[in-house]
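Participant: Just so it is clear, I am handing over structure17.txt, which has compact mmCIF, N, CA and C atoms.
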# COMPACT_ATOMS: atom_id res chain seq x y z
N MET X 3 -11.56 23.55 20.75
CA MET X 3 -10.36 22.79 21.00
C MET X 3 -10.46 22.03 22.32
N GLU X 4 -11.12 22.62 23.29
CA GLU X 4 -11.26 21.97 24.59
C GLU X 4 -12.09 20.69 24.46
N ALA X 5 -13.12 20.74 23.64
CA ALA X 5 -13.97 19.56 23.44
C ALA X 5 -13.17 18.43 22.79
N ILE X 6 -12.32 18.75 21.84
CA ILE X 6 -11.50 17.74 21.19
C ILE X 6 -10.54 17.10 22.19
N ALA X 7 -9.96 17.92 23.05
CA ALA X 7 -9.04 17.40 24.07
C ALA X 7 -9.75 16.43 25.00
N GLN X 8 -10.98 16.77 25.40
CA GLN X 8 -11.75 15.90 26.28
C GLN X 8 -12.06 14.56 25.59
N ILE X 9 -12.42 14.64 24.34
CA ILE X 9 -12.73 13.43 23.57
C ILE X 9 -11.49 12.55 23.45
N GLN X 10 -10.34 13.17 23.20
CA GLN X 10 -9.10 12.40 23.08
C GLN X 10 -8.70 11.80 24.42
N ASP X 11 -8.89 12.55 25.51
CA ASP X 11 -8.54 12.05 26.84
C ASP X 11 -9.37 10.81 27.20
N ARG X 12 -10.60 10.79 26.77
CA ARG X 12 -11.48 9.66 27.08
C ARG X 12 -11.25 8.48 26.13
N GLY X 13 -10.42 8.68 25.12
CA GLY X 13 -10.11 7.59 24.19
C GLY X 13 -11.12 7.42 23.07
N TYR X 14 -12.01 8.39 22.89
CA TYR X 14 -13.01 8.30 21.83
C TYR X 14 -12.40 8.61 20.46
N GLN X 15 -11.34 9.40 20.46
CA GLN X 15 -10.70 9.80 19.22
C GLN X 15 -9.20 9.59 19.37
N SER X 16 -8.59 8.89 18.41
CA SER X 16 -7.17 8.62 18.47
C SER X 16 -6.59 8.68 17.06
N ASP X 17 -5.63 9.57 16.87
CA ASP X 17 -4.98 9.67 15.57
C ASP X 17 -4.24 8.38 15.25
N THR X 18 -3.64 7.78 16.25
CA THR X 18 -2.90 6.54 16.05
C THR X 18 -3.83 5.43 15.56
N ARG X 19 -4.98 5.32 16.19
CA ARG X 19 -5.96 4.31 15.78
C ARG X 19 -6.48 4.60 14.37
N LEU X 20 -6.68 5.88 14.06
CA LEU X 20 -7.14 6.26 12.72
C LEU X 20 -6.13 5.83 11.67
N VAL X 21 -4.85 6.10 11.92
CA VAL X 21 -3.81 5.72 10.97
C VAL X 21 -3.74 4.20 10.83
N ALA X 22 -3.78 3.49 11.96
CA ALA X 22 -3.72 2.03 11.92
C ALA X 22 -4.89 1.44 11.13
N ASN X 23 -6.08 1.99 11.32
CA ASN X 23 -7.25 1.51 10.58
C ASN X 23 -7.13 1.84 9.09
N SER X 24 -6.61 3.02 8.78
CA SER X 24 -6.43 3.40 7.38
C SER X 24 -5.45 2.46 6.69
N ILE X 25 -4.36 2.15 7.38
CA ILE X 25 -3.35 1.25 6.82
C ILE X 25 -3.95 -0.14 6.63
N ALA X 26 -4.64 -0.62 7.64
CA ALA X 26 -5.22 -1.97 7.57
C ALA X 26 -6.23 -2.10 6.43
N SER X 27 -7.04 -1.09 6.24
CA SER X 27 -8.08 -1.20 5.22
C SER X 27 -7.55 -0.99 3.80
N ALA X 28 -6.43 -0.29 3.66
CA ALA X 28 -5.93 0.03 2.32
C ALA X 28 -4.74 -0.82 1.89
N THR X 29 -4.13 -1.55 2.80
CA THR X 29 -2.97 -2.35 2.45
C THR X 29 -3.37 -3.43 1.46
N GLY X 30 -2.58 -3.57 0.41
CA GLY X 30 -2.88 -4.53 -0.64
C GLY X 30 -3.62 -3.90 -1.79
N LYS X 31 -4.41 -2.87 -1.50
CA LYS X 31 -5.11 -2.15 -2.56
C LYS X 31 -4.32 -0.92 -2.97
N TYR X 32 -3.68 -0.28 -1.99
CA TYR X 32 -2.94 0.94 -2.23
C TYR X 32 -1.56 0.82 -1.61
N GLY X 33 -0.61 1.57 -2.13
CA GLY X 33 0.74 1.57 -1.59
C GLY X 33 0.89 2.59 -0.48
N LYS X 34 2.08 2.63 0.07
CA LYS X 34 2.36 3.51 1.21
C LYS X 34 2.10 4.97 0.88
N SER X 35 2.54 5.42 -0.29
CA SER X 35 2.40 6.84 -0.61
C SER X 35 0.94 7.28 -0.70
N ALA X 36 0.09 6.44 -1.27
CA ALA X 36 -1.34 6.78 -1.38
C ALA X 36 -2.00 6.81 0.00
N ILE X 37 -1.65 5.84 0.84
CA ILE X 37 -2.23 5.79 2.19
C ILE X 37 -1.75 7.00 2.99
N LYS X 38 -0.48 7.32 2.86
CA LYS X 38 0.08 8.47 3.59
C LYS X 38 -0.59 9.77 3.14
N ARG X 39 -0.80 9.91 1.85
CA ARG X 39 -1.44 11.12 1.32
C ARG X 39 -2.85 11.28 1.90
N LYS X 40 -3.59 10.16 1.99
CA LYS X 40 -4.94 10.23 2.55
C LYS X 40 -4.90 10.63 4.03
N CYS X 41 -3.93 10.10 4.77
CA CYS X 41 -3.81 10.44 6.19
C CYS X 41 -3.41 11.91 6.37
N LEU X 42 -2.50 12.38 5.53
CA LEU X 42 -2.07 13.78 5.62
C LEU X 42 -3.24 14.71 5.33
N GLN X 43 -4.12 14.31 4.41
CA GLN X 43 -5.30 15.12 4.10
C GLN X 43 -6.24 15.21 5.29
N LYS X 44 -6.19 14.21 6.16
CA LYS X 44 -7.05 14.20 7.36
C LYS X 44 -6.38 14.92 8.53
N GLY X 45 -5.18 15.47 8.32
CA GLY X 45 -4.52 16.23 9.37
C GLY X 45 -3.57 15.42 10.24
N ILE X 46 -3.22 14.23 9.80
CA ILE X 46 -2.28 13.39 10.54
C ILE X 46 -0.86 13.84 10.20
N THR X 47 0.02 13.92 11.21
CA THR X 47 1.39 14.34 10.95
C THR X 47 2.16 13.21 10.27
N SER X 48 3.15 13.59 9.49
CA SER X 48 3.98 12.63 8.77
C SER X 48 4.73 11.71 9.74
N ASP X 49 5.21 12.27 10.85
CA ASP X 49 5.95 11.48 11.84
C ASP X 49 5.07 10.39 12.45
N LEU X 50 3.84 10.75 12.80
CA LEU X 50 2.92 9.78 13.38
C LEU X 50 2.61 8.68 12.37
N PHE X 51 2.39 9.08 11.12
CA PHE X 51 2.12 8.07 10.08
C PHE X 51 3.27 7.10 9.97
N GLU X 52 4.50 7.61 9.89
CA GLU X 52 5.68 6.74 9.74
C GLU X 52 5.82 5.79 10.92
N GLN X 53 5.57 6.30 12.13
CA GLN X 53 5.67 5.48 13.33
C GLN X 53 4.67 4.33 13.28
N VAL X 54 3.43 4.64 12.98
CA VAL X 54 2.38 3.62 12.94
C VAL X 54 2.62 2.66 11.77
N TRP X 55 3.09 3.19 10.64
CA TRP X 55 3.39 2.36 9.46
C TRP X 55 4.41 1.28 9.83
N GLU X 56 5.49 1.69 10.48
CA GLU X 56 6.53 0.73 10.86
C GLU X 56 5.99 -0.34 11.81
N GLU X 57 5.17 0.07 12.77
CA GLU X 57 4.57 -0.88 13.72
C GLU X 57 3.65 -1.87 13.00
N GLU X 58 2.81 -1.35 12.11
CA GLU X 58 1.85 -2.20 11.41
C GLU X 58 2.55 -3.17 10.47
N ILE X 59 3.57 -2.69 9.77
CA ILE X 59 4.29 -3.55 8.84
C ILE X 59 5.04 -4.64 9.60
N ALA X 60 5.62 -4.30 10.76
CA ALA X 60 6.33 -5.30 11.56
C ALA X 60 5.37 -6.39 12.04
N GLU X 61 4.16 -6.00 12.41
CA GLU X 61 3.17 -6.97 12.89
C GLU X 61 2.61 -7.84 11.77
N ASN X 62 2.46 -7.25 10.60
CA ASN X 62 1.74 -7.94 9.51
C ASN X 62 2.64 -8.29 8.33
N LEU X 63 3.89 -8.64 8.59
CA LEU X 63 4.83 -8.91 7.52
C LEU X 63 4.37 -10.07 6.63
N ASP X 64 3.87 -11.14 7.23
CA ASP X 64 3.42 -12.30 6.45
C ASP X 64 2.19 -11.97 5.61
N SER X 65 1.25 -11.26 6.21
CA SER X 65 0.03 -10.93 5.46
C SER X 65 0.33 -9.92 4.36
N GLU X 66 1.33 -9.07 4.56
CA GLU X 66 1.74 -8.12 3.53
C GLU X 66 2.25 -8.87 2.30
N ALA X 67 3.07 -9.88 2.52
CA ALA X 67 3.60 -10.67 1.40
C ALA X 67 2.46 -11.39 0.68
N ALA X 68 1.49 -11.87 1.42
CA ALA X 68 0.35 -12.55 0.82
C ALA X 68 -0.48 -11.58 -0.02
N LYS X 69 -0.67 -10.36 0.49
CA LYS X 69 -1.45 -9.36 -0.25
C LYS X 69 -0.73 -8.94 -1.53
N LEU X 70 0.59 -8.84 -1.46
CA LEU X 70 1.35 -8.49 -2.67
C LEU X 70 1.29 -9.63 -3.69
N ALA X 71 1.27 -10.86 -3.22
CA ALA X 71 1.12 -12.01 -4.12
C ALA X 71 -0.26 -11.99 -4.77
N GLU X 72 -1.28 -11.61 -4.01
CA GLU X 72 -2.64 -11.47 -4.57
C GLU X 72 -2.68 -10.38 -5.62
N LEU X 73 -1.99 -9.26 -5.33
CA LEU X 73 -1.94 -8.16 -6.28
C LEU X 73 -1.27 -8.61 -7.58
N LYS X 74 -0.17 -9.34 -7.44
CA LYS X 74 0.54 -9.84 -8.62
C LYS X 74 -0.37 -10.74 -9.45
N ALA X 75 -1.08 -11.65 -8.78
CA ALA X 75 -1.99 -12.56 -9.48
C ALA X 75 -3.11 -11.78 -10.17
N LYS X 76 -3.63 -10.76 -9.49
CA LYS X 76 -4.70 -9.95 -10.06
C LYS X 76 -4.23 -9.22 -11.31
N VAL X 77 -3.02 -8.65 -11.23
CA VAL X 77 -2.47 -7.93 -12.38
C VAL X 77 -2.24 -8.90 -13.54
N MET X 78 -1.72 -10.08 -13.24
CA MET X 78 -1.47 -11.06 -14.31
C MET X 78 -2.78 -11.50 -14.97
N ARG X 79 -3.83 -11.68 -14.16
CA ARG X 79 -5.14 -12.03 -14.73
C ARG X 79 -5.72 -10.90 -15.55
N LYS X 80 -5.70 -9.71 -14.98
CA LYS X 80 -6.34 -8.55 -15.61
C LYS X 80 -5.71 -8.22 -16.96
N TYR X 81 -4.38 -8.29 -17.03
CA TYR X 81 -3.68 -7.91 -18.25
C TYR X 81 -3.18 -9.11 -19.04
N LYS X 82 -3.65 -10.32 -18.66
CA LYS X 82 -3.34 -11.57 -19.38
C LYS X 82 -1.83 -11.73 -19.59
N ILE X 83 -1.08 -11.67 -18.47
CA ILE X 83 0.37 -11.78 -18.52
C ILE X 83 0.77 -13.20 -18.10
N ASP X 84 1.55 -13.85 -18.97
CA ASP X 84 2.07 -15.18 -18.65
C ASP X 84 3.47 -15.09 -18.08
N THR X 85 4.32 -14.29 -18.74
CA THR X 85 5.69 -14.09 -18.27
C THR X 85 6.00 -12.61 -18.28
N TRP X 86 6.71 -12.16 -17.26
CA TRP X 86 7.00 -10.73 -17.12
C TRP X 86 8.02 -10.24 -18.13
N GLY X 87 8.82 -11.14 -18.66
CA GLY X 87 9.84 -10.74 -19.62
C GLY X 87 9.31 -10.49 -21.02
N LYS X 88 8.12 -11.02 -21.31
CA LYS X 88 7.58 -10.93 -22.68
C LYS X 88 6.28 -10.14 -22.72
N VAL X 89 6.29 -8.95 -22.16
CA VAL X 89 5.10 -8.11 -22.14
C VAL X 89 5.32 -6.95 -23.10
N ASP X 90 4.33 -6.70 -23.96
CA ASP X 90 4.50 -5.61 -24.92
C ASP X 90 4.48 -4.26 -24.19
N PRO X 91 5.11 -3.24 -24.77
CA PRO X 91 5.24 -1.93 -24.10
C PRO X 91 3.91 -1.28 -23.72
N LYS X 92 2.89 -1.48 -24.54
CA LYS X 92 1.58 -0.88 -24.25
C LYS X 92 0.99 -1.47 -22.97
N THR X 93 1.05 -2.78 -22.85
CA THR X 93 0.54 -3.45 -21.65
C THR X 93 1.37 -3.08 -20.43
N LYS X 94 2.69 -3.02 -20.62
CA LYS X 94 3.57 -2.64 -19.51
C LYS X 94 3.20 -1.25 -18.99
N GLY X 95 2.94 -0.31 -19.89
CA GLY X 95 2.52 1.03 -19.49
C GLY X 95 1.22 1.01 -18.71
N LYS X 96 0.28 0.18 -19.15
CA LYS X 96 -1.01 0.07 -18.44
C LYS X 96 -0.81 -0.49 -17.03
N VAL X 97 0.05 -1.50 -16.92
CA VAL X 97 0.31 -2.11 -15.60
C VAL X 97 0.98 -1.10 -14.68
N LEU X 98 1.97 -0.37 -15.20
CA LEU X 98 2.66 0.63 -14.38
C LEU X 98 1.70 1.71 -13.92
N ASN X 99 0.82 2.16 -14.80
CA ASN X 99 -0.18 3.17 -14.42
C ASN X 99 -1.13 2.61 -13.37
N TYR X 100 -1.55 1.38 -13.54
CA TYR X 100 -2.45 0.72 -12.58
C TYR X 100 -1.81 0.69 -11.20
N LEU X 101 -0.54 0.31 -11.14
CA LEU X 101 0.17 0.23 -9.85
C LEU X 101 0.40 1.61 -9.26
N GLN X 102 0.82 2.56 -10.09
CA GLN X 102 1.11 3.90 -9.58
C GLN X 102 -0.16 4.59 -9.10
N TYR X 103 -1.27 4.37 -9.76
CA TYR X 103 -2.53 4.97 -9.34
C TYR X 103 -2.91 4.51 -7.93
N ARG X 104 -2.50 3.29 -7.60
CA ARG X 104 -2.81 2.72 -6.29
C ARG X 104 -1.72 3.00 -5.27
N GLY X 105 -0.72 3.80 -5.66
CA GLY X 105 0.30 4.24 -4.71
C GLY X 105 1.52 3.35 -4.62
N PHE X 106 1.64 2.38 -5.50
CA PHE X 106 2.82 1.54 -5.52
C PHE X 106 3.86 2.14 -6.45
N ASN X 107 5.10 1.80 -6.23
CA ASN X 107 6.15 2.18 -7.16
C ASN X 107 6.11 1.13 -8.26
N GLY X 108 5.54 1.48 -9.40
CA GLY X 108 5.32 0.52 -10.47
C GLY X 108 6.58 -0.13 -10.98
N PHE X 109 7.63 0.67 -11.18
CA PHE X 109 8.89 0.13 -11.70
C PHE X 109 9.52 -0.84 -10.70
N GLU X 110 9.45 -0.49 -9.43
CA GLU X 110 10.01 -1.36 -8.39
C GLU X 110 9.27 -2.69 -8.34
N MET X 111 7.94 -2.63 -8.39
CA MET X 111 7.14 -3.85 -8.37
C MET X 111 7.43 -4.70 -9.60
N TRP X 112 7.53 -4.05 -10.76
CA TRP X 112 7.80 -4.76 -12.02
C TRP X 112 9.14 -5.50 -11.93
N ARG X 113 10.18 -4.79 -11.45
CA ARG X 113 11.50 -5.41 -11.32
C ARG X 113 11.45 -6.59 -10.34
N GLN X 114 10.75 -6.40 -9.23
CA GLN X 114 10.64 -7.46 -8.23
C GLN X 114 9.96 -8.68 -8.83
N TRP X 115 8.87 -8.48 -9.56
CA TRP X 115 8.15 -9.60 -10.16
C TRP X 115 8.98 -10.28 -11.24
N GLN X 116 9.74 -9.49 -12.01
CA GLN X 116 10.61 -10.09 -13.03
C GLN X 116 11.71 -10.92 -12.37
N THR X 117 12.28 -10.40 -11.29
CA THR X 117 13.35 -11.11 -10.58
C THR X 117 12.82 -12.41 -9.99
N GLU X 118 11.63 -12.37 -9.41
CA GLU X 118 11.01 -13.59 -8.85
C GLU X 118 10.82 -14.64 -9.95
N GLU X 119 10.40 -14.19 -11.13
CA GLU X 119 10.18 -15.11 -12.23
C GLU X 119 11.50 -15.69 -12.73
N ASP X 120 12.54 -14.87 -12.79
CA ASP X 120 13.85 -15.34 -13.24
C ASP X 120 14.45 -16.35 -12.26
N ASP X 121 14.16 -16.19 -10.99
CA ASP X 121 14.70 -17.09 -9.96
C ASP X 121 14.04 -18.47 -10.00
N GLU X 122 12.84 -18.53 -10.55
CA GLU X 122 12.11 -19.82 -10.57
C GLU X 122 12.65 -20.77 -11.59
Could I get this structure in the form of C-alpha cells?
Facilitator:
Amino acid sequence: MEAIAQIQDRGYQSDTRLVANSIASATGKYGKSAIKRKCLQKGITSDLFEQVWEEEIAENLDSEAAKLAELKAKVMRKYKIDTWGKVDPKTKGKVLNYLQYRGFNGFEMWRQWQTEEDDE
C-alpha cells in the first residue's frame, strides 16, 4: 500500500485520469452504464466516476452530439432503416439489443430518434 501511495503522490497513477481516459475512449461506442461498469470493475468508486463523467460531458457536449449522430447513422446503415416509424418488430429488437449491449438505453435512443424524425 505504501508503494501505491508513493506512485500516486508522484502523479504516476491517477484514478481520475483513468476514468477520464476510459470515458474518452469508449464514448460513442458504449453508453454510460457500460463505461461505469468497466470502471467499477477496476476498483473506481461510483462517486469518482460520476464526478469525472459530469466534467467530461460538460467539456465535450458538442462532440457527444456528433458521436450520437454517427451512432444513429451506423445503426441506420447496418439495419437498413429508412424511417424509424416503419421498422418491423424483428429489426427493432435487433437494434435495441445492439444499443443495450453497448450500454445505451435502447428505448430512450429509439424514442429520441423517432422524435427527431417526426420534427423534420
Participant: Do a neighbour search on Leu70 of chain X at 12 Å with only C-alpha atoms, toss out local chain neighbours closer than 5 positions, and write the hits as a list in words.
Facilitator: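 Near neighbours after the sequence-gap exclusion: Thr29, Gly30, Lys31, Tyr32, Gly33, Leu63, Asp64, Ser65, Ala75, Lys76, Val77, Leu101, Phe106, Met111, Trp112, Gln114 and Trp115 of chain X.
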Participant: One decimal, Å: what's the distance from atom CA of Tyr14 of chain X over to atom CA of Arg39 of chain X, could you say?
Facilitator: 23.7 Å
Participant: As an mmCIF file with N, CA and C atoms, keeping the file's coordinate frame, list the residues of segment 62-95 of chain X assigned to alpha helix (DSSP H) by DSSP on the backbone atoms of this structure.
Facilitator:
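Ended up saving to states-v4.cif:
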data_model
loop_
_atom_site.group_PDB
_atom_site.id
_atom_site.type_symbol
_atom_site.label_atom_id
_atom_site.label_comp_id
_atom_site.auth_asym_id
_atom_site.auth_seq_id
_atom_site.Cartn_x
_atom_site.Cartn_y
_atom_site.Cartn_z
ATOM 1 N N LEU X 63 3.890 -8.640 8.590
ATOM 2 C CA LEU X 63 4.830 -8.910 7.520
ATOM 3 C C LEU X 63 4.370 -10.070 6.630
ATOM 4 N N ASP X 64 3.870 -11.140 7.230
ATOM 5 C CA ASP X 64 3.420 -12.300 6.450
ATOM 6 C C ASP X 64 2.190 -11.970 5.610
ATOM 7 N N SER X 65 1.250 -11.260 6.210
ATOM 8 C CA SER X 65 0.030 -10.930 5.460
ATOM 9 C C SER X 65 0.330 -9.920 4.360
ATOM 10 N N GLU X 66 1.330 -9.070 4.560
ATOM 11 C CA GLU X 66 1.740 -8.120 3.530
ATOM 12 C C GLU X 66 2.250 -8.870 2.300
ATOM 13 N N ALA X 67 3.070 -9.880 2.520
ATOM 14 C CA ALA X 67 3.600 -10.670 1.400
ATOM 15 C C ALA X 67 2.460 -11.390 0.680
ATOM 16 N N ALA X 68 1.490 -11.870 1.420
ATOM 17 C CA ALA X 68 0.350 -12.550 0.820
ATOM 18 C C ALA X 68 -0.480 -11.580 -0.020
ATOM 19 N N LYS X 69 -0.670 -10.360 0.490
ATOM 20 C CA LYS X 69 -1.450 -9.360 -0.250
ATOM 21 C C LYS X 69 -0.730 -8.940 -1.530
ATOM 22 N N LEU X 70 0.590 -8.840 -1.460
ATOM 23 C CA LEU X 70 1.350 -8.490 -2.670
ATOM 24 C C LEU X 70 1.290 -9.630 -3.690
ATOM 25 N N ALA X 71 1.270 -10.860 -3.220
ATOM 26 C CA ALA X 71 1.120 -12.010 -4.120
ATOM 27 C C ALA X 71 -0.260 -11.990 -4.770
ATOM 28 N N GLU X 72 -1.280 -11.610 -4.010
ATOM 29 C CA GLU X 72 -2.640 -11.470 -4.570
ATOM 30 C C GLU X 72 -2.680 -10.380 -5.620
ATOM 31 N N LEU X 73 -1.990 -9.260 -5.330
ATOM 32 C CA LEU X 73 -1.940 -8.160 -6.280
ATOM 33 C C LEU X 73 -1.270 -8.610 -7.580
ATOM 34 N N LYS X 74 -0.170 -9.340 -7.440
ATOM 35 C CA LYS X 74 0.540 -9.840 -8.620
ATOM 36 C C LYS X 74 -0.370 -10.740 -9.450
ATOM 37 N N ALA X 75 -1.080 -11.650 -8.780
ATOM 38 C CA ALA X 75 -1.990 -12.560 -9.480
ATOM 39 C C ALA X 75 -3.110 -11.780 -10.170
ATOM 40 N N LYS X 76 -3.630 -10.760 -9.490
ATOM 41 C CA LYS X 76 -4.700 -9.950 -10.060
ATOM 42 C C LYS X 76 -4.230 -9.220 -11.310
ATOM 43 N N VAL X 77 -3.020 -8.650 -11.230
ATOM 44 C CA VAL X 77 -2.470 -7.930 -12.380
ATOM 45 C C VAL X 77 -2.240 -8.900 -13.540
ATOM 46 N N MET X 78 -1.720 -10.080 -13.240
ATOM 47 C CA MET X 78 -1.470 -11.060 -14.310
ATOM 48 C C MET X 78 -2.780 -11.500 -14.970
ATOM 49 N N ARG X 79 -3.830 -11.680 -14.160
ATOM 50 C CA ARG X 79 -5.140 -12.030 -14.730
ATOM 51 C C ARG X 79 -5.720 -10.900 -15.550
ATOM 52 N N LYS X 80 -5.700 -9.710 -14.980
ATOM 53 C CA LYS X 80 -6.340 -8.550 -15.610
ATOM 54 C C LYS X 80 -5.710 -8.220 -16.960
ATOM 55 N N PRO X 91 5.110 -3.240 -24.770
ATOM 56 C CA PRO X 91 5.240 -1.930 -24.100
ATOM 57 C C PRO X 91 3.910 -1.280 -23.720
ATOM 58 N N LYS X 92 2.890 -1.480 -24.540
ATOM 59 C CA LYS X 92 1.580 -0.880 -24.250
ATOM 60 C C LYS X 92 0.990 -1.470 -22.970
ATOM 61 N N THR X 93 1.050 -2.780 -22.850
ATOM 62 C CA THR X 93 0.540 -3.450 -21.650
ATOM 63 C C THR X 93 1.370 -3.080 -20.430
ATOM 64 N N LYS X 94 2.690 -3.020 -20.620
ATOM 65 C CA LYS X 94 3.570 -2.640 -19.510
ATOM 66 C C LYS X 94 3.200 -1.250 -18.990
ATOM 67 N N GLY X 95 2.940 -0.310 -19.890
ATOM 68 C CA GLY X 95 2.520 1.030 -19.490
ATOM 69 C C GLY X 95 1.220 1.010 -18.710
#
Participant: Rounded to one decimal, what separation in Å do you get between atom N of Lys40 of chain X and atom C of Glu57 of chain X?
Facilitator: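 Taking atom N of Lys40 of chain X as the start and atom C of Glu57 of chain X as the end point, the length is 17.8 Å.
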Participant: What does the structure give for the distance between atom N of Ser27 of chain X and atom C of Arg79 of chain X, in Å to one decimal?
Facilitator: 23.9 Å
Participant: Please enclose the listed atoms of segment 84-95 of chain X in an axis-aligned box, pad each side by 5 Å, and write out the centre and the three edge lengths in Å, rounded to one decimal, as lines of an AutoDock Vina configuration file.
Facilitator:
center_x = 5.2
center_y = -7.1
center_z = -21.0
size_x = 19.3
size_y = 26.2
size_z = 17.8
Participant: Which residue is closest to Thr117 of chain X? Choose from X:Val97, X:Trp86, X:Thr18, X:Ser35 and count only N, CA and C atoms.
Facilitator: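 Smallest separation from Thr117 of chain X among the options: X:Trp86.
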Participant: Using all atoms listed in the file, which protein or nucleic acid residues come within 8 Å of segment 21-23 of chain X? Drop anything in the same chain fewer than 3 positions from it, and give the result as a PyMOL selection string.
Facilitator: chain X and resi 16-18+26-29+41+46+50-51+54-55+58
